[in-house]
2 protein chains.
Amino acid sequence: MTIEKAVGQELRFWRTKKGLSQEKLGFEADLHRTHISLIERGLRSPTISTTIRLCAALEIAPDDLLKHVMQQIAGKRK
Amino acid sequence: MTIEKAVGQELRFWRTKKGLSQEKLGFEADLHRTHISLIERGLRSPTISTTIRLCAALEIAPDDLLKHVMQQIAGKRK
């Protein structure tokens with residue numbers, strides 16, 4: 001599993017859990033829906049700033065997100 | 001304090017603590033020295049991938065780094 005894939009999966013998990021569409025999350029985090037789509041599919045690596053803005057909009061702690069990402073990479077490396 | 005400034009300060013703190021030059025860290029993390037310089041000065045926001053590579057080279061946990069960054073932003077916002 002790549003870092004990008006793990007970050008994307010984690011963000012998508014939280015977005016759907018919160019019942020937000022990519023459009024709505026994009027509005028909240030001031031990002032275009034297509035940018036969010038690329039990130040969620042692991043096709044773009046978000047910057048730290050973008051990640052923190054997304055986490056704020058999703059009401060999750062950025063360091064928790066990264067912790068889960070690191071666990072995913074360590075445990076399920078392909 | 002901006003996110004970029006906080007990330008840069010934190011990375012510089014750990015690099016100097018480990019006694020690494022920007023050149024040496026760049027070699028370890030496969031990044032150009034000037035890229036590291038821009039990140040440390042808060043002039044560029046690293047991607048998640050770049051941050052994790054830098055943390056690996058510095059032997060620190062990426063989620064700890066982000067936790068310190070969030071504390072800095074929360075406590076010392078200018």
# chains A, B, ... in the order shown; residues from 1 in each chain; ligands from 1
$ closest_atom_pairs --of "chain B" --to "chain A" --cutoff "8 Å" --atoms "only C-alpha atoms" --output "Markdown table"
| residue | atom | partner | partner_atom | distance |
| --- | --- | --- | --- | --- |
| B:Ile3 | CA | A:Ser49 | CA | 6.2 |
| B:Glu4 | CA | A:Ser49 | CA | 7.1 |
| B:Ser45 | CA | A:Thr47 | CA | 5.8 |
| B:Pro46 | CA | A:Thr47 | CA | 5.4 |
| B:Thr47 | CA | A:Thr47 | CA | 3.7 |
| B:Ile48 | CA | A:Thr47 | CA | 5.7 |
| B:Ser49 | CA | A:Ile3 | CA | 6.2 |
| B:Thr51 | CA | A:Ile48 | CA | 8.0 |
| B:Pro62 | CA | A:Leu66 | CA | 7.0 |
| B:Asp63 | CA | A:Asp63 | CA | 4.6 |
| B:Asp64 | CA | A:Asp63 | CA | 6.9 |
| B:Leu66 | CA | A:Asp63 | CA | 5.3 |
| B:Lys67 | CA | A:Asp63 | CA | 5.3 |
$ residues_around --residues "Glu59 in chain B" --least-positions-apart "6" --cutoff "10 Å" --atoms "only C-alpha atoms" --output "number ranges by chain"
B: 14-15, 18, 53
$ residues_around --residues "Ala29 in chain B" --least-positions-apart "5" --cutoff "8 Å" --atoms "only C-alpha atoms" --output "list of chain:residue names"
B:Arg53, B:Leu54, B:Ala56, B:Ala57
$ closest_residue --among "B:Glu28, B:Gln72, B:Gly8, B:Met1" --to "Gly42 in chain B" --atoms "only C-alpha atoms"
B:Gly8
$ select_by_dssp --residues "chain B" --states "alpha helix (DSSP H)" --output "VMD selection string"
chain B and resid 3 to 17 22 to 29 33 to 40 48 to 58 62 to 75
$ residues_around --residues "Arg33 in chain B" --least-positions-apart "2" --cutoff "6 Å" --atoms "only C-alpha atoms" --output "number ranges by chain"
B: 22-23, 26, 35-36
$ write_last_selection --atoms "C-alpha atoms" --output "PDB file, in the first residue's frame"
ATOM      1  CA  GLN B  22      20.487  19.757   4.955  1.00  0.00           C
ATOM      2  CA  GLU B  23      22.696  17.965   2.395  1.00  0.00           C
ATOM      3  CA  GLY B  26      18.469  15.405   1.563  1.00  0.00           C
ATOM      4  CA  HIS B  35      13.745  21.794  -1.190  1.00  0.00           C
ATOM      5  CA  ILE B  36      14.553  21.073   2.458  1.00  0.00           C
TER       6      ILE B  36
END
